[in-house]
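So this one's work-v8.pdb, PDB, C-alpha atoms:
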```pdb
ATOM      1  CA  MET A   1     -63.519   9.178 -18.787  1.00  0.00           C
ATOM      2  CA  THR A   2     -64.827  12.651 -19.153  1.00  0.00           C
ATOM      3  CA  VAL A   3     -66.164  14.763 -16.321  1.00  0.00           C
ATOM      4  CA  ALA A   4     -69.726  14.227 -17.587  1.00  0.00           C
ATOM      5  CA  GLN A   5     -69.278  10.439 -17.565  1.00  0.00           C
ATOM      6  CA  LEU A   6     -67.834  10.549 -14.039  1.00  0.00           C
ATOM      7  CA  SER A   7     -70.752  12.643 -12.895  1.00  0.00           C
ATOM      8  CA  ARG A   8     -73.222  10.173 -14.438  1.00  0.00           C
ATOM      9  CA  LEU A   9     -71.466   7.196 -12.834  1.00  0.00           C
ATOM     10  CA  ARG A  10     -71.539   8.866  -9.426  1.00  0.00           C
ATOM     11  CA  ARG A  11     -75.198   9.849  -9.840  1.00  0.00           C
ATOM     12  CA  LEU A  12     -76.159   6.335 -10.996  1.00  0.00           C
ATOM     13  CA  SER A  13     -74.374   4.835  -8.015  1.00  0.00           C
ATOM     14  CA  LEU A  14     -76.315   7.055  -5.615  1.00  0.00           C
ATOM     15  CA  TRP A  15     -79.591   6.415  -7.451  1.00  0.00           C
ATOM     16  CA  LEU A  16     -79.071   2.707  -6.827  1.00  0.00           C
ATOM     17  CA  LEU A  17     -77.597   2.861  -3.315  1.00  0.00           C
ATOM     18  CA  LEU A  18     -80.313   4.989  -1.765  1.00  0.00           C
ATOM     19  CA  PRO A  19     -83.377   3.013  -2.952  1.00  0.00           C
ATOM     20  CA  GLY A  20     -81.604  -0.240  -2.123  1.00  0.00           C
ATOM     21  CA  LEU A  21     -80.885   0.955   1.396  1.00  0.00           C
ATOM     22  CA  ALA A  22     -84.431   2.280   1.776  1.00  0.00           C
ATOM     23  CA  GLY A  23     -85.826  -1.075   0.650  1.00  0.00           C
ATOM     24  CA  LEU A  24     -83.685  -2.888   3.197  1.00  0.00           C
ATOM     25  CA  ILE A  25     -84.917  -0.591   5.953  1.00  0.00           C
ATOM     26  CA  VAL A  26     -88.561  -1.033   4.932  1.00  0.00           C
ATOM     27  CA  SER A  27     -88.223  -4.818   4.735  1.00  0.00           C
ATOM     28  CA  ALA A  28     -86.641  -4.847   8.207  1.00  0.00           C
ATOM     29  CA  MET A  29     -89.578  -2.807   9.500  1.00  0.00           C
ATOM     30  CA  ILE A  30     -92.043  -5.239   7.916  1.00  0.00           C
ATOM     31  CA  SER A  31     -90.166  -8.192   9.421  1.00  0.00           C
ATOM     32  CA  THR A  32     -90.344  -6.587  12.853  1.00  0.00           C
ATOM     33  CA  TYR A  33     -94.056  -5.946  12.382  1.00  0.00           C
ATOM     34  CA  TYR A  34     -94.561  -9.577  11.326  1.00  0.00           C
ATOM     35  CA  LEU A  35     -92.641 -10.777  14.390  1.00  0.00           C
ATOM     36  CA  GLU A  36     -94.948  -8.808  16.667  1.00  0.00           C
ATOM     37  CA  THR A  37     -98.286  -9.540  14.983  1.00  0.00           C
ATOM     38  CA  LEU A  38     -98.210 -12.890  13.179  1.00  0.00           C
ATOM     39  CA  PRO A  39     -99.023 -16.129  14.986  1.00  0.00           C
ATOM     40  CA  LYS A  40     -96.283 -18.375  16.329  1.00  0.00           C
ATOM     41  CA  TRP A  41     -98.232 -21.520  15.349  1.00  0.00           C
ATOM     42  CA  PRO A  42     -99.834 -22.392  11.996  1.00  0.00           C
ATOM     43  CA  VAL A  43    -103.405 -21.186  11.508  1.00  0.00           C
ATOM     44  CA  PRO A  44    -104.824 -23.168   8.556  1.00  0.00           C
ATOM     45  CA  GLU A  45    -108.172 -21.321   8.702  1.00  0.00           C
ATOM     46  CA  GLU A  46    -106.353 -18.095   7.752  1.00  0.00           C
ATOM     47  CA  SER A  47    -103.911 -19.882   5.360  1.00  0.00           C
ATOM     48  CA  ARG A  48    -101.023 -18.951   7.653  1.00  0.00           C
ATOM     49  CA  THR A  49     -98.980 -22.099   7.181  1.00  0.00           C
ATOM     50  CA  THR A  50     -95.757 -20.765   5.624  1.00  0.00           C
ATOM     51  CA  PRO A  51     -93.021 -20.471   8.280  1.00  0.00           C
ATOM     52  CA  ARG A  52     -90.522 -17.605   8.404  1.00  0.00           C
ATOM     53  CA  GLU A  53     -87.712 -17.275  10.893  1.00  0.00           C
ATOM     54  CA  ILE A  54     -87.286 -13.737  12.187  1.00  0.00           C
ATOM     55  CA  ARG A  55     -84.607 -13.146  14.827  1.00  0.00           C
ATOM     56  CA  GLY A  56     -84.699 -16.720  16.025  1.00  0.00           C
ATOM     57  CA  SER A  57     -88.489 -16.956  16.267  1.00  0.00           C
ATOM     58  CA  ILE A  58     -90.756 -18.742  13.818  1.00  0.00           C
ATOM     59  CA  VAL A  59     -93.912 -16.965  12.645  1.00  0.00           C
ATOM     60  CA  TYR A  60     -96.475 -18.289  10.186  1.00  0.00           C
ATOM     61  CA  GLN A  61     -97.643 -16.209   7.257  1.00  0.00           C
ATOM     62  CA  THR A  62     -99.567 -16.605   4.037  1.00  0.00           C
ATOM     63  CA  VAL A  63     -97.860 -17.522   0.785  1.00  0.00           C
ATOM     64  CA  ALA A  64     -98.514 -14.011  -0.574  1.00  0.00           C
ATOM     65  CA  GLU A  65     -96.945 -12.339   2.470  1.00  0.00           C
ATOM     66  CA  ASP A  66     -93.917 -14.615   2.187  1.00  0.00           C
ATOM     67  CA  ARG A  67     -93.496 -13.914  -1.522  1.00  0.00           C
ATOM     68  CA  THR A  68     -93.888 -10.142  -1.109  1.00  0.00           C
ATOM     69  CA  LEU A  69     -91.350  -9.866   1.698  1.00  0.00           C
ATOM     70  CA  SER A  70     -88.864 -12.176  -0.034  1.00  0.00           C
ATOM     71  CA  VAL A  71     -89.042 -10.236  -3.304  1.00  0.00           C
ATOM     72  CA  MET A  72     -88.600  -6.959  -1.437  1.00  0.00           C
ATOM     73  CA  GLU A  73     -85.584  -8.240   0.509  1.00  0.00           C
ATOM     74  CA  TYR A  74     -83.799  -9.833  -2.459  1.00  0.00           C
ATOM     75  CA  SER A  75     -84.441  -6.970  -4.884  1.00  0.00           C
ATOM     76  CA  SER A  76     -83.289  -4.403  -2.312  1.00  0.00           C
ATOM     77  CA  ILE A  77     -80.101  -6.353  -1.706  1.00  0.00           C
ATOM     78  CA  GLY A  78     -79.494  -6.651  -5.452  1.00  0.00           C
ATOM     79  CA  VAL A  79     -80.027  -2.943  -6.133  1.00  0.00           C
ATOM     80  CA  PHE A  80     -77.868  -1.977  -3.152  1.00  0.00           C
ATOM     81  CA  VAL A  81     -75.016  -4.294  -4.189  1.00  0.00           C
ATOM     82  CA  ILE A  82     -75.061  -2.982  -7.771  1.00  0.00           C
ATOM     83  CA  GLY A  83     -74.967   0.611  -6.507  1.00  0.00           C
ATOM     84  CA  LEU A  84     -72.200  -0.222  -4.057  1.00  0.00           C
ATOM     85  CA  SER A  85     -70.188  -1.925  -6.791  1.00  0.00           C
ATOM     86  CA  LEU A  86     -70.516   1.069  -9.103  1.00  0.00           C
ATOM     87  CA  GLY A  87     -69.513   3.375  -6.270  1.00  0.00           C
ATOM     88  CA  LEU A  88     -66.471   1.270  -5.449  1.00  0.00           C
ATOM     89  CA  VAL A  89     -65.422   1.193  -9.107  1.00  0.00           C
ATOM     90  CA  PHE A  90     -65.798   4.962  -9.223  1.00  0.00           C
ATOM     91  CA  LEU A  91     -63.724   5.436  -6.066  1.00  0.00           C
ATOM     92  CA  ASP A  92     -61.083   2.915  -7.139  1.00  0.00           C
ATOM     93  CA  ARG A  93     -60.533   4.473 -10.542  1.00  0.00           C
ATOM     94  CA  PHE A  94     -61.216   8.137  -9.883  1.00  0.00           C
ATOM     95  CA  GLY A  95     -61.302   8.623  -6.112  1.00  0.00           C
ATOM     96  CA  GLY A  96     -58.267  10.859  -5.799  1.00  0.00           C
ATOM     97  CA  SER A  97     -58.738  12.848  -8.992  1.00  0.00           C
ATOM     98  CA  ALA A  98     -62.517  13.232  -8.820  1.00  0.00           C
ATOM     99  CA  ARG A  99     -62.523  15.635  -5.890  1.00  0.00           C
ATOM    100  CA  PRO A 100     -63.170  19.283  -6.679  1.00  0.00           C
ATOM    101  CA  GLY A 101     -59.971  21.289  -6.913  1.00  0.00           C
ATOM    102  CA  SER A 102     -57.636  18.301  -7.340  1.00  0.00           C
ATOM    103  CA  THR A 103     -55.395  17.667 -10.314  1.00  0.00           C
ATOM    104  CA  GLU A 104     -54.230  14.465 -11.979  1.00  0.00           C
ATOM    105  CA  GLU A 105     -50.658  14.902 -10.679  1.00  0.00           C
ATOM    106  CA  GLU A 106     -51.702  15.539  -7.087  1.00  0.00           C
ATOM    107  CA  LYS A 107     -51.567  12.392  -4.955  1.00  0.00           C
ATOM    108  CA  PRO A 108     -53.482  12.004  -1.672  1.00  0.00           C
ATOM    109  CA  GLY A 109     -51.396  13.176   1.253  1.00  0.00           C
ATOM    110  CA  THR A 110     -48.975  15.266  -0.865  1.00  0.00           C
ATOM    111  CA  ALA A 111     -50.779  18.582  -0.557  1.00  0.00           C
ATOM    112  CA  ALA A 112     -48.845  21.301   1.237  1.00  0.00           C
ATOM    113  CA  LEU A 113     -49.944  21.869   4.814  1.00  0.00           C
ATOM    114  CA  SER A 114     -51.179  25.358   5.618  1.00  0.00           C
TER     115      SER A 114
END
```

How does the structure come out when it is put into C-alpha coordinates?
Amino acid sequence: MTVAQLSRLRRLSLWLLLPGLAGLIVSAMISTYYLETLPKWPVPEESRTTPREIRGSIVYQTVAEDRTLSVMEYSSIGVFVIGLSLGLVFLDRFGGSARPGSTEEEKPGTAALS
(Lines of atoms letter the chains of each structure in order from A and count residues from 1; the text may use other names and numbers.)
(Lines give C-alpha, C1' and ligand atoms only; values in the text may rest on other atoms or scores of the structure.)
Protein backbone atom coordinates (compact mmCIF):
# COMPACT_ATOMS: atom_id res chain seq x y z
CA MET A 1 0.00 0.00 0.00
CA THR A 2 1.16 3.48 -0.70
CA VAL A 3 1.46 6.21 1.89
CA ALA A 4 -1.66 7.90 0.49
CA GLN A 5 -3.68 4.69 0.83
CA LEU A 6 -2.46 4.19 4.41
CA SER A 7 -3.41 7.75 5.24
CA ARG A 8 -6.89 7.23 3.77
CA LEU A 9 -7.38 3.98 5.68
CA ARG A 10 -6.36 5.63 8.94
CA ARG A 11 -8.59 8.64 8.27
CA LEU A 12 -11.56 6.41 7.34
CA SER A 13 -11.08 4.40 10.52
CA LEU A 14 -11.18 7.56 12.64
CA TRP A 15 -14.15 8.94 10.69
CA LEU A 16 -16.06 5.80 11.63
CA LEU A 17 -14.79 5.32 15.18
CA LEU A 18 -15.55 8.81 16.43
CA PRO A 19 -19.19 9.08 15.24
CA GLY A 20 -19.84 5.53 16.41
CA LEU A 21 -18.50 6.33 19.86
CA ALA A 22 -20.43 9.60 19.96
CA GLY A 23 -23.63 7.77 19.02
CA LEU A 24 -23.07 5.26 21.81
CA ILE A 25 -22.57 8.06 24.31
CA VAL A 26 -25.69 9.91 23.15
CA SER A 27 -27.80 6.74 23.26
CA ALA A 28 -26.56 6.05 26.80
CA MET A 29 -27.56 9.58 27.78
CA ILE A 30 -31.02 9.10 26.27
CA SER A 31 -31.39 5.77 28.09
CA THR A 32 -30.49 7.44 31.37
CA TYR A 33 -32.99 10.21 30.67
CA TYR A 34 -35.67 7.62 29.87
CA LEU A 35 -34.89 5.77 33.11
CA GLU A 36 -35.44 8.94 35.11
CA THR A 37 -38.51 10.31 33.32
CA LEU A 38 -40.57 7.50 31.78
CA PRO A 39 -43.22 5.66 33.79
CA LYS A 40 -42.48 2.33 35.44
CA TRP A 41 -45.98 1.02 34.61
CA PRO A 42 -47.80 1.04 31.26
CA VAL A 43 -49.83 4.16 30.50
CA PRO A 44 -52.21 3.24 27.64
CA GLU A 45 -53.66 6.78 27.47
CA GLU A 46 -50.22 8.06 26.37
CA SER A 47 -49.46 4.93 24.25
CA ARG A 48 -46.61 4.06 26.61
CA THR A 49 -47.00 0.29 26.48
CA THR A 50 -43.66 -0.83 24.99
CA PRO A 51 -41.32 -2.07 27.75
CA ARG A 52 -37.58 -1.40 27.78
CA GLU A 53 -35.16 -2.67 30.37
CA ILE A 54 -32.60 -0.08 31.41
CA ARG A 55 -30.12 -1.05 34.13
CA GLY A 56 -32.42 -3.65 35.59
CA SER A 57 -35.52 -1.45 35.66
CA ILE A 58 -38.43 -1.64 33.25
CA VAL A 59 -39.78 1.61 31.78
CA TYR A 60 -42.63 1.96 29.31
CA GLN A 61 -42.26 4.03 26.17
CA THR A 62 -44.04 4.63 22.90
CA VAL A 63 -43.31 2.56 19.82
CA ALA A 64 -41.63 5.56 18.16
CA GLU A 65 -39.34 6.16 21.14
CA ASP A 66 -38.41 2.47 21.19
CA ARG A 67 -37.67 2.42 17.46
CA THR A 68 -35.61 5.62 17.56
CA LEU A 69 -33.43 4.51 20.47
CA SER A 70 -32.96 1.00 19.04
CA VAL A 71 -31.91 2.32 15.63
CA MET A 72 -29.50 4.75 17.26
CA GLU A 73 -27.93 2.05 19.45
CA TYR A 74 -27.57 -0.57 16.70
CA SER A 75 -26.30 1.83 14.04
CA SER A 76 -23.77 3.34 16.46
CA ILE A 77 -22.50 -0.11 17.37
CA GLY A 78 -22.25 -1.07 13.69
CA VAL A 79 -20.34 2.08 12.70
CA PHE A 80 -18.03 1.75 15.71
CA VAL A 81 -17.27 -1.92 15.00
CA ILE A 82 -16.51 -1.20 11.32
CA GLY A 83 -14.18 1.64 12.31
CA LEU A 84 -12.52 -0.51 14.95
CA SER A 85 -12.05 -3.34 12.46
CA LEU A 86 -10.45 -1.03 9.92
CA GLY A 87 -8.19 0.39 12.61
CA LEU A 88 -7.14 -3.07 13.74
CA VAL A 89 -6.40 -4.11 10.16
CA PHE A 90 -4.33 -0.97 9.73
CA LEU A 91 -2.39 -1.61 12.95
CA ASP A 92 -1.92 -5.31 12.20
CA ARG A 93 -0.55 -4.76 8.72
CA PHE A 94 1.22 -1.43 9.06
CA GLY A 95 1.49 -0.66 12.78
CA GLY A 96 5.26 -0.79 13.07
CA SER A 97 6.11 0.75 9.71
CA ALA A 98 3.41 3.43 9.66
CA ARG A 99 4.94 5.56 12.40
CA PRO A 100 6.72 8.72 11.30
CA GLY A 101 10.47 8.26 11.07
CA SER A 102 10.41 4.44 10.99
CA THR A 103 11.73 2.28 8.19
CA GLU A 104 10.61 -1.09 6.84
CA GLU A 105 13.68 -2.86 8.28
CA GLU A 106 13.30 -1.39 11.76
CA LYS A 107 11.45 -3.72 14.13
CA PRO A 108 9.75 -2.52 17.33
CA GLY A 109 12.13 -2.65 20.26
CA THR A 110 15.31 -2.73 18.11
CA ALA A 111 15.99 0.99 18.07
CA ALA A 112 19.21 2.06 19.74
CA LEU A 113 18.75 3.51 23.21
CA SER A 114 19.98 7.06 23.68

Suppose a student applies the PyMOL selection byres ((chain A and resi 36) around 12) to this structure; what residues should they get, written as a VMD selection string? chain A and resid 29 to 35 37 to 40 54 to 55 57 to 60

Check the smallest atom-to-atom distance from each of A:Ser13, A:Ser70, A:Thr62, A:Thr49 to Gly83 (chain A) using all atoms listed in the file, then report the winner. A:Ser13

Starting from the PyMOL selection byres ((chain A and resi 76) around 10), expand the selection into actual residues of this file and give them as a list in words.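 On the file shown, the PyMOL selection byres ((chain A and resi 76) around 10) covers Leu16, Leu17, Leu18, Pro19, Gly20, Leu21, Ala22, Gly23, Leu24, Ile25, Val26, Ser27, Ser70, Val71, Met72, Glu73, Tyr74, Ser75, Ile77, Gly78, Val79, Phe80, Val81 and Ile82 of chain A.
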
Separating CA of Glu65 (chain A) from CA of Ala28 (chain A), to the nearest tenth of an Å, is a gap of 14.0 Å

Name the residues captured by the PyMOL selection byres ((chain A and resi 50) around 8) when it is applied to the shown file; answer as a ChimeraX atom specification. /A:42,48-49,51-52,60-63,66

Closest to Leu88 (chain A) among A:Thr68, A:Glu53, A:Leu14, A:Val43, using all atoms listed in the file?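 Among the listed residues, the smallest separation from Leu88 (chain A) belongs to A:Leu14.
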
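The spacing separating CA of Gly56 (chain A) from CA of Pro44 (chain A) amounts to 22.4 Å.
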
d(CA of Thr2 (chain A), CA of Leu91 (chain A)) in Å: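 That distance, rounded to one decimal, is 15.0 Å.
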
May I ask you to restore N, CA, C and O atoms in region 36-48 of chain A and write the result as a PDB file, in the frame of the given file?
```
ATOM      1  N   GLU A  36     -94.066  -9.228  15.572  1.00  0.00           N
ATOM      2  CA  GLU A  36     -94.948  -8.808  16.667  1.00  0.00           C
ATOM      3  C   GLU A  36     -96.391  -9.235  16.465  1.00  0.00           C
ATOM      4  O   GLU A  36     -97.113  -9.444  17.453  1.00  0.00           O
ATOM      5  N   THR A  37     -96.854  -9.353  15.209  1.00  0.00           N
ATOM      6  CA  THR A  37     -98.286  -9.540  14.983  1.00  0.00           C
ATOM      7  C   THR A  37     -98.682 -10.918  14.461  1.00  0.00           C
ATOM      8  O   THR A  37     -99.809 -11.340  14.700  1.00  0.00           O
ATOM      9  N   LEU A  38     -97.820 -11.611  13.762  1.00  0.00           N
ATOM     10  CA  LEU A  38     -98.210 -12.890  13.179  1.00  0.00           C
ATOM     11  C   LEU A  38     -98.170 -13.999  14.218  1.00  0.00           C
ATOM     12  O   LEU A  38     -97.408 -13.934  15.188  1.00  0.00           O
ATOM     13  N   PRO A  39     -98.964 -15.038  14.006  1.00  0.00           N
ATOM     14  CA  PRO A  39     -99.023 -16.129  14.986  1.00  0.00           C
ATOM     15  C   PRO A  39     -97.738 -16.961  15.003  1.00  0.00           C
ATOM     16  O   PRO A  39     -97.036 -17.075  14.003  1.00  0.00           O
ATOM     17  N   LYS A  40     -97.469 -17.533  16.148  1.00  0.00           N
ATOM     18  CA  LYS A  40     -96.283 -18.375  16.329  1.00  0.00           C
ATOM     19  C   LYS A  40     -96.571 -19.832  15.989  1.00  0.00           C
ATOM     20  O   LYS A  40     -95.664 -20.648  15.966  1.00  0.00           O
ATOM     21  N   TRP A  41     -97.829 -20.169  15.740  1.00  0.00           N
ATOM     22  CA  TRP A  41     -98.232 -21.520  15.349  1.00  0.00           C
ATOM     23  C   TRP A  41     -99.053 -21.412  14.071  1.00  0.00           C
ATOM     24  O   TRP A  41     -99.697 -20.397  13.823  1.00  0.00           O
ATOM     25  N   PRO A  42     -99.054 -22.446  13.241  1.00  0.00           N
ATOM     26  CA  PRO A  42     -99.834 -22.392  11.996  1.00  0.00           C
ATOM     27  C   PRO A  42    -101.334 -22.212  12.272  1.00  0.00           C
ATOM     28  O   PRO A  42    -101.869 -22.761  13.228  1.00  0.00           O
ATOM     29  N   VAL A  43    -101.959 -21.398  11.424  1.00  0.00           N
ATOM     30  CA  VAL A  43    -103.405 -21.186  11.508  1.00  0.00           C
ATOM     31  C   VAL A  43    -103.973 -21.511  10.127  1.00  0.00           C
ATOM     32  O   VAL A  43    -104.070 -20.635   9.260  1.00  0.00           O
ATOM     33  N   PRO A  44    -104.348 -22.768   9.886  1.00  0.00           N
ATOM     34  CA  PRO A  44    -104.824 -23.168   8.556  1.00  0.00           C
ATOM     35  C   PRO A  44    -106.094 -22.438   8.120  1.00  0.00           C
ATOM     36  O   PRO A  44    -106.293 -22.221   6.923  1.00  0.00           O
ATOM     37  N   GLU A  45    -106.934 -22.025   9.052  1.00  0.00           N
ATOM     38  CA  GLU A  45    -108.172 -21.321   8.702  1.00  0.00           C
ATOM     39  C   GLU A  45    -107.879 -19.994   8.005  1.00  0.00           C
ATOM     40  O   GLU A  45    -108.655 -19.519   7.191  1.00  0.00           O
ATOM     41  N   GLU A  46    -106.756 -19.368   8.353  1.00  0.00           N
ATOM     42  CA  GLU A  46    -106.353 -18.095   7.752  1.00  0.00           C
ATOM     43  C   GLU A  46    -105.277 -18.288   6.683  1.00  0.00           C
ATOM     44  O   GLU A  46    -104.714 -17.303   6.191  1.00  0.00           O
ATOM     45  N   SER A  47    -104.964 -19.523   6.335  1.00  0.00           N
ATOM     46  CA  SER A  47    -103.911 -19.882   5.360  1.00  0.00           C
ATOM     47  C   SER A  47    -102.527 -19.445   5.826  1.00  0.00           C
ATOM     48  O   SER A  47    -101.646 -19.195   5.007  1.00  0.00           O
ATOM     49  N   ARG A  48    -102.326 -19.327   7.106  1.00  0.00           N
ATOM     50  CA  ARG A  48    -101.023 -18.951   7.653  1.00  0.00           C
ATOM     51  C   ARG A  48    -100.250 -20.215   8.015  1.00  0.00           C
ATOM     52  O   ARG A  48    -100.186 -20.615   9.172  1.00  0.00           O
TER      53      ARG A  48
END
```
